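Colleague: Here it is, the structure in full.
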Amino acid sequence: MTLLRIDDVYQSYEAEQVLQGVSFDMQQGDVDVLMGPSGSGKSTMLRCINRLTEVDSGDIWLGDTHVTAPETDVNELRQDVGMVFQDFNLFAHLTALENITLGLKRVKGVHAEQARERARGHLDQVGLGDQTDAYPAELSGGQKQRVGIARALAMEPKLMLFDEPTSALDPELVGDVVAVMQDLAAGGMTMLVVSHEMGFARSAADDIHFLDNGQIVESGPPEQLFEQPEQDRTAGFLSGLQADGPQ
Amino acid sequence: MSTEESSAVDDVGIAAGVSVERPWALLVLAGFWGWLGSRWINDFLLPDSIAVSSERSFVPVDPVAAAAETLGSVAAALGPVGAPVDVVASLVGFVAGSLPHLPPLARGAWLTLLLTVAGIGFGFVLAVPLSVGRVYGGRWLRWLSLSYTELIRGTPLLAQLFVLYFGLPLTQVIRELPGVGAGPLPAQAFWVAVVGFTLNSAAYQAEYIRSALESVDAGQLTAARAVGLSRAEGIRYVVLPQGLRYAIPGWSNELIYLIKYSSLAAFITVRELFFRAEAIANDTFRYTELFVLAALFYLALVLSASVVMGWVEERSSVPGVGGRQ
């Protein structure tokens, strides 16, 4: 079943064309990775899917929901689309637990005690059951990002968006976050990930989309893209990544 | 963030300085409030049959005056080496001269406290929507709240009080309200001053809160929106709780200004601290003593405010947001 359909999306920011006709589909349970040089429109693509950014033209469908239709309730939509940020963006004044319960209480209307119960479950799931009362300032980057993932999961989304989830982390902390993402992927979560983390892409991705100048240059399973890319641009970018190691 | 953290250490202000490094200052303040509180209870609450007359000092004046005189003559007898004794004598003399004026000043300080608390409190209630409108409002709302703050901050507080008191029919309206000026409730001039300080303080507080809101990382609201909170909910539950914590140091400044600016209410006949001091000085011609005395009252009020705000800052801070990092 097709969960996400991106159809010929254009987006511009102040006279600059960011996305120029991007199209792809994701099936339920797919894990797709968006790669490409900085400024190629990867993050913008993600933000269009939960309407943090509005498209200029084109359509996005999430299941039966016409995401890009003006009458679509964005607050409803966003409950179905979890988002994980490069800079974590944990609510700085709330503990790890409260970061998760805020949405449950205020958006889903879950009763306070039940919200705490569910939040503890999600923190356990990302391996942070012992950090429920820690404030973001007291957590390491890797822990923050795992709280960020738990916060998004708690809303029980149909699709999870990851915007460079490991690129702000010290190298030794990347592994924990990647492990959580691999668990999620194995558990059947549909995930669209902007990342240059080769290890994750190789082990978990169904498809990799190589984006350059707002267009998808090439798509395919990781082994095909990494070993035998059809386009020179893809080959050049990926060989650069592999030479530099994971970012 | 790391640069902010290191500068925050220098940014502690008087508050923590008073409470941590000078415990004796806390003792003096405790004594001041103990005396002031019992004065208010005596003057406003106790029935006349058991209260000390509201015109009489708790400490009898005559023995203190006699002591000052004795010390003075001792100093004179000692000649040049008696200079330190002479200093003590004149200090005791100052206390003896001040004692009779303390009761009316204490009653004035009551109105000063009420004016300040009302101004900062009601002003805050206005300042939050003003600053949110300024930062997150549409064009029209931004323009409106900017105009308000610039108009208020750009004109003298005294002129604002005069317009409210003499220029507008506000005084008449308030005078007609039930209870005003009757029993323990102050007369209309006080309420006009409350309106004036509220409107004025709101503008200044809005500026402090605005800059604090702007210092909250934009990603916070983005994350709130991504979870499914509306913009208003994101501001209410995520941005404001952080911004208001960042605003506390600036907000403490506004409280300290307001304590002193409340003396302008004297010009519209509110019988607060400065009004009382000036009235007594005019009667007794002891200008220096009375204004020094009034200044000491203000100093004690301001230091108390610093201590309280330092405590509020500490209590409300969480790791990473506000307080001493």
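Each chain in the structure tokens gets a letter, A, B and so on, in the order shown; residues start at 1 in every chain, and ligands are counted from 1 in the order they appear.
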When the cut-off is 6 Å and we count only C-alpha atoms, which residues of chain A are near chain B, given as an mmCIF file with N, CA, C and O atoms, in the first residue's frame?

Modeller:
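And here's result_28.cif as it stands now:
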data_model
loop_
_atom_site.group_PDB
_atom_site.id
_atom_site.type_symbol
_atom_site.label_atom_id
_atom_site.label_comp_id
_atom_site.auth_asym_id
_atom_site.auth_seq_id
_atom_site.Cartn_x
_atom_site.Cartn_y
_atom_site.Cartn_z
ATOM 1 N N ASN A 75 -2.629 20.682 12.012
ATOM 2 C CA ASN A 75 -2.384 20.138 13.346
ATOM 3 C C ASN A 75 -2.786 18.657 13.424
ATOM 4 O O ASN A 75 -2.165 17.884 14.145
ATOM 5 N N ARG A 78 -0.029 16.710 11.354
ATOM 6 C CA ARG A 78 1.283 16.576 11.995
ATOM 7 C C ARG A 78 1.311 15.483 13.050
ATOM 8 O O ARG A 78 2.380 15.000 13.419
ATOM 9 N N GLN A 79 0.125 15.096 13.534
ATOM 10 C CA GLN A 79 0.105 13.960 14.453
ATOM 11 C C GLN A 79 0.467 12.670 13.732
ATOM 12 O O GLN A 79 0.934 11.716 14.336
ATOM 13 N N ASN A 89 16.019 20.181 19.033
ATOM 14 C CA ASN A 89 14.882 21.042 19.375
ATOM 15 C C ASN A 89 14.022 20.466 20.485
ATOM 16 O O ASN A 89 12.805 20.566 20.449
ATOM 17 N N ALA A 137 19.467 20.081 28.944
ATOM 18 C CA ALA A 137 20.826 20.568 29.179
ATOM 19 C C ALA A 137 21.682 19.536 29.914
ATOM 20 O O ALA A 137 22.898 19.637 29.931
#

Colleague: Excluding Met191 in chain A and its own-chain neighbours fewer than 5 positions away, which residues fall within 10 Å of it when counting only C-alpha atoms? Please give them as a PDB file with C-alpha atoms, in the first residue's frame.

Modeller:
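part_23.pdb, freshly written:
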ATOM      1  CA  MET A  26       6.889   5.199  -0.412  1.00  0.00           C
ATOM      2  CA  GLN A  28       3.949   1.296   4.059  1.00  0.00           C
ATOM      3  CA  GLY A  29       6.981   0.103   6.051  1.00  0.00           C
ATOM      4  CA  ASP A  30       9.523   1.498   3.594  1.00  0.00           C
ATOM      5  CA  VAL A  31      12.687   3.165   4.778  1.00  0.00           C
ATOM      6  CA  ASP A  32      13.958   5.709   2.246  1.00  0.00           C
ATOM      7  CA  VAL A  33      17.043   7.860   2.544  1.00  0.00           C
ATOM      8  CA  VAL A  81       3.991  12.698  10.709  1.00  0.00           C
ATOM      9  CA  GLY A  82       6.670  12.559  13.392  1.00  0.00           C
ATOM     10  CA  MET A  83       9.720  14.728  12.880  1.00  0.00           C
ATOM     11  CA  LYS A 158       2.242   6.798  10.329  1.00  0.00           C
ATOM     12  CA  LEU A 159       5.450   8.262   8.954  1.00  0.00           C
ATOM     13  CA  MET A 160       8.650   9.424  10.635  1.00  0.00           C
ATOM     14  CA  LEU A 161      10.798  12.136   9.100  1.00  0.00           C
ATOM     15  CA  PHE A 162      14.447  12.406  10.168  1.00  0.00           C
ATOM     16  CA  MET A 181      16.584   4.013  14.061  1.00  0.00           C
ATOM     17  CA  LEU A 184      12.394   1.263  14.332  1.00  0.00           C
ATOM     18  CA  ALA A 185      12.985   0.245  10.752  1.00  0.00           C
ATOM     19  CA  ALA A 204      18.154  -0.273   6.684  1.00  0.00           C
ATOM     20  CA  ALA A 205      17.272   1.630   3.520  1.00  0.00           C
TER      21      ALA A 205
END

Colleague: What lies within 7 Å of range 273-282 of chain B using only C-alpha atoms, ignoring chain neighbours under 4 positions off, as a VMD selection string?

Modeller: chain B and resid 104 to 105 108 to 109 112 263 266 286 to 287 290 to 291 294

Colleague: Store the residues picked out above, limited to all heavy atoms, as an mmCIF file, in the first residue's frame.

Modeller:
data_model
loop_
_atom_site.group_PDB
_atom_site.id
_atom_site.type_symbol
_atom_site.label_atom_id
_atom_site.label_comp_id
_atom_site.auth_asym_id
_atom_site.auth_seq_id
_atom_site.Cartn_x
_atom_site.Cartn_y
_atom_site.Cartn_z
ATOM 1 N N PRO B 104 4.597 58.357 60.357
ATOM 2 C CA PRO B 104 3.969 58.769 59.090
ATOM 3 C C PRO B 104 4.705 58.215 57.863
ATOM 4 O O PRO B 104 4.061 57.875 56.866
ATOM 5 C CB PRO B 104 4.032 60.310 59.128
ATOM 6 C CG PRO B 104 4.955 60.658 60.229
ATOM 7 C CD PRO B 104 4.992 59.509 61.173
ATOM 8 N N LEU B 105 6.045 58.091 57.949
ATOM 9 C CA LEU B 105 6.780 57.537 56.807
ATOM 10 C C LEU B 105 6.391 56.070 56.578
ATOM 11 O O LEU B 105 6.297 55.610 55.437
ATOM 12 C CB LEU B 105 8.290 57.651 57.029
ATOM 13 C CG LEU B 105 8.849 59.079 56.974
ATOM 14 C CD1 LEU B 105 10.366 59.077 57.147
ATOM 15 C CD2 LEU B 105 8.470 59.781 55.672
ATOM 16 N N GLY B 108 3.316 56.017 54.725
ATOM 17 C CA GLY B 108 3.598 56.349 53.325
ATOM 18 C C GLY B 108 4.178 55.159 52.578
ATOM 19 O O GLY B 108 3.822 54.887 51.430
ATOM 20 N N ALA B 109 5.050 54.410 53.281
ATOM 21 C CA ALA B 109 5.674 53.254 52.642
ATOM 22 C C ALA B 109 4.644 52.198 52.274
ATOM 23 O O ALA B 109 4.820 51.456 51.309
ATOM 24 C CB ALA B 109 6.739 52.656 53.558
ATOM 25 N N THR B 112 3.428 53.223 48.977
ATOM 26 C CA THR B 112 4.494 52.980 48.004
ATOM 27 C C THR B 112 4.528 51.504 47.606
ATOM 28 O O THR B 112 4.615 51.161 46.428
ATOM 29 C CB THR B 112 5.853 53.390 48.605
ATOM 30 O OG1 THR B 112 5.860 54.805 48.780
ATOM 31 C CG2 THR B 112 7.010 52.996 47.705
ATOM 32 N N SER B 263 7.445 57.406 43.545
ATOM 33 C CA SER B 263 7.459 58.685 44.271
ATOM 34 C C SER B 263 6.805 59.789 43.440
ATOM 35 O O SER B 263 6.361 60.796 43.985
ATOM 36 C CB SER B 263 8.892 59.075 44.630
ATOM 37 O OG SER B 263 9.653 59.221 43.456
ATOM 38 N N ALA B 266 3.433 61.344 44.296
ATOM 39 C CA ALA B 266 3.291 62.476 45.218
ATOM 40 C C ALA B 266 2.762 63.712 44.487
ATOM 41 O O ALA B 266 2.014 64.498 45.061
ATOM 42 C CB ALA B 266 4.640 62.789 45.867
ATOM 43 N N ARG B 286 13.468 70.512 58.291
ATOM 44 C CA ARG B 286 14.594 69.578 58.386
ATOM 45 C C ARG B 286 14.682 68.777 57.088
ATOM 46 O O ARG B 286 14.463 67.574 57.067
ATOM 47 C CB ARG B 286 14.412 68.648 59.592
ATOM 48 C CG ARG B 286 14.242 69.417 60.895
ATOM 49 C CD ARG B 286 13.950 68.464 62.027
ATOM 50 N NE ARG B 286 15.137 67.753 62.439
ATOM 51 C CZ ARG B 286 15.817 68.033 63.545
ATOM 52 N NH1 ARG B 286 15.422 69.000 64.333
ATOM 53 N NH2 ARG B 286 16.892 67.348 63.864
ATOM 54 N N TYR B 287 15.008 69.482 55.989
ATOM 55 C CA TYR B 287 14.979 68.850 54.669
ATOM 56 C C TYR B 287 15.978 67.706 54.558
ATOM 57 O O TYR B 287 15.662 66.616 54.113
ATOM 58 C CB TYR B 287 15.244 69.896 53.580
ATOM 59 C CG TYR B 287 14.080 70.840 53.417
ATOM 60 C CD1 TYR B 287 14.064 72.084 54.032
ATOM 61 C CD2 TYR B 287 12.975 70.456 52.651
ATOM 62 C CE1 TYR B 287 12.986 72.931 53.903
ATOM 63 C CE2 TYR B 287 11.880 71.304 52.514
ATOM 64 C CZ TYR B 287 11.892 72.541 53.144
ATOM 65 O OH TYR B 287 10.826 73.356 53.009
ATOM 66 N N LEU B 290 14.988 64.518 56.523
ATOM 67 C CA LEU B 290 13.815 63.819 56.000
ATOM 68 C C LEU B 290 14.081 63.119 54.683
ATOM 69 O O LEU B 290 13.643 61.993 54.458
ATOM 70 C CB LEU B 290 12.645 64.796 55.868
ATOM 71 C CG LEU B 290 11.650 64.799 57.029
ATOM 72 C CD1 LEU B 290 11.107 63.385 57.243
ATOM 73 C CD2 LEU B 290 12.261 65.283 58.322
ATOM 74 N N PHE B 291 14.840 63.812 53.801
ATOM 75 C CA PHE B 291 15.088 63.166 52.506
ATOM 76 C C PHE B 291 16.105 62.042 52.636
ATOM 77 O O PHE B 291 16.022 61.047 51.914
ATOM 78 C CB PHE B 291 15.481 64.201 51.448
ATOM 79 C CG PHE B 291 14.307 65.052 51.038
ATOM 80 C CD1 PHE B 291 14.371 66.438 51.044
ATOM 81 C CD2 PHE B 291 13.110 64.448 50.678
ATOM 82 C CE1 PHE B 291 13.275 67.201 50.681
ATOM 83 C CE2 PHE B 291 11.999 65.203 50.318
ATOM 84 C CZ PHE B 291 12.077 66.588 50.322
ATOM 85 N N ALA B 294 13.945 59.244 53.871
ATOM 86 C CA ALA B 294 13.152 58.681 52.769
ATOM 87 C C ALA B 294 14.046 57.824 51.878
ATOM 88 O O ALA B 294 13.661 56.725 51.454
ATOM 89 C CB ALA B 294 12.501 59.799 51.959
#

Colleague: Leaving out Phe237 in chain A and any residue of its chain fewer than 6 positions from it, which residues lie within 10 Å of it when counting only C-alpha atoms, given as an MDAnalysis selection string?

Modeller: chainID A and resid 35:37 210 212

Colleague: For those residues, write C-alpha atoms to a file as a PDB file, in the first residue's frame.

Modeller:
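Full text of out04.pdb as output:
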ATOM      1  CA  MET A  35      21.079  12.132   0.085  1.00  0.00           C
ATOM      2  CA  GLY A  36      22.606  15.025  -1.724  1.00  0.00           C
ATOM      3  CA  PRO A  37      24.899  17.997  -1.378  1.00  0.00           C
ATOM      4  CA  PHE A 210      20.001  11.217  -4.648  1.00  0.00           C
ATOM      5  CA  ASP A 212      20.782  17.629  -6.477  1.00  0.00           C
TER       6      ASP A 212
END

Colleague: Near Val55 in chain A, within 8 Å and counting only C-alpha atoms, which residues show up once chain neighbours fewer than 5 positions away are dropped, as an MDAnalysis selection string?

Modeller: chainID A and resid 9:12 48 68

Colleague: Could you name the residues that touch Ala106 in chain B at 9 Å or less, counting only C-alpha atoms, but leaving out those on the same chain fewer than 6 positions away, as a list in words?

Modeller: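 Everything that qualifies: Leu36, Gly37, Arg39, Trp40, Leu273 and Phe297 of chain B.
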
Colleague: Once DSSP has gone over the backbone, tell me which residues of range 153-243 of chain A are in helix (DSSP H, G or I), as a ChimeraX atom specification.

Modeller: /A:153-154,171-186,198-204,222-227,232-243

Colleague: Range 195-203 of chain A: which residues within 12 Å, counting only C-alpha atoms, same-chain residues fewer than 5 positions away excluded, as an NGL selection string?

Modeller: :A and (31-38 or 42-43 or 46 or 84-86 or 161-169 or 171 or 174-186 or 208-211 or 220-227 or 237-247)

Colleague: Point out the residue among B:Ala76, B:Val308, B:Val117, B:Val61 with the least atom-to-atom distance to Val92 in chain B, counting only C-alpha atoms.

Modeller: B:Val61

Colleague: Quote the spacing between CA of Pro229 in chain A and CA of Gln215 in chain A in Å to one decimal place.

Modeller: 16.2 Å

Colleague: Measuring between only C-alpha atoms, which one of B:Leu151, B:Val135, B:Ala265, B:Ile235 shows the shortest distance to Asn200 in chain B?

Modeller: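 Using only C-alpha atoms, the shortest distance to Asn200 in chain B belongs to B:Leu151.
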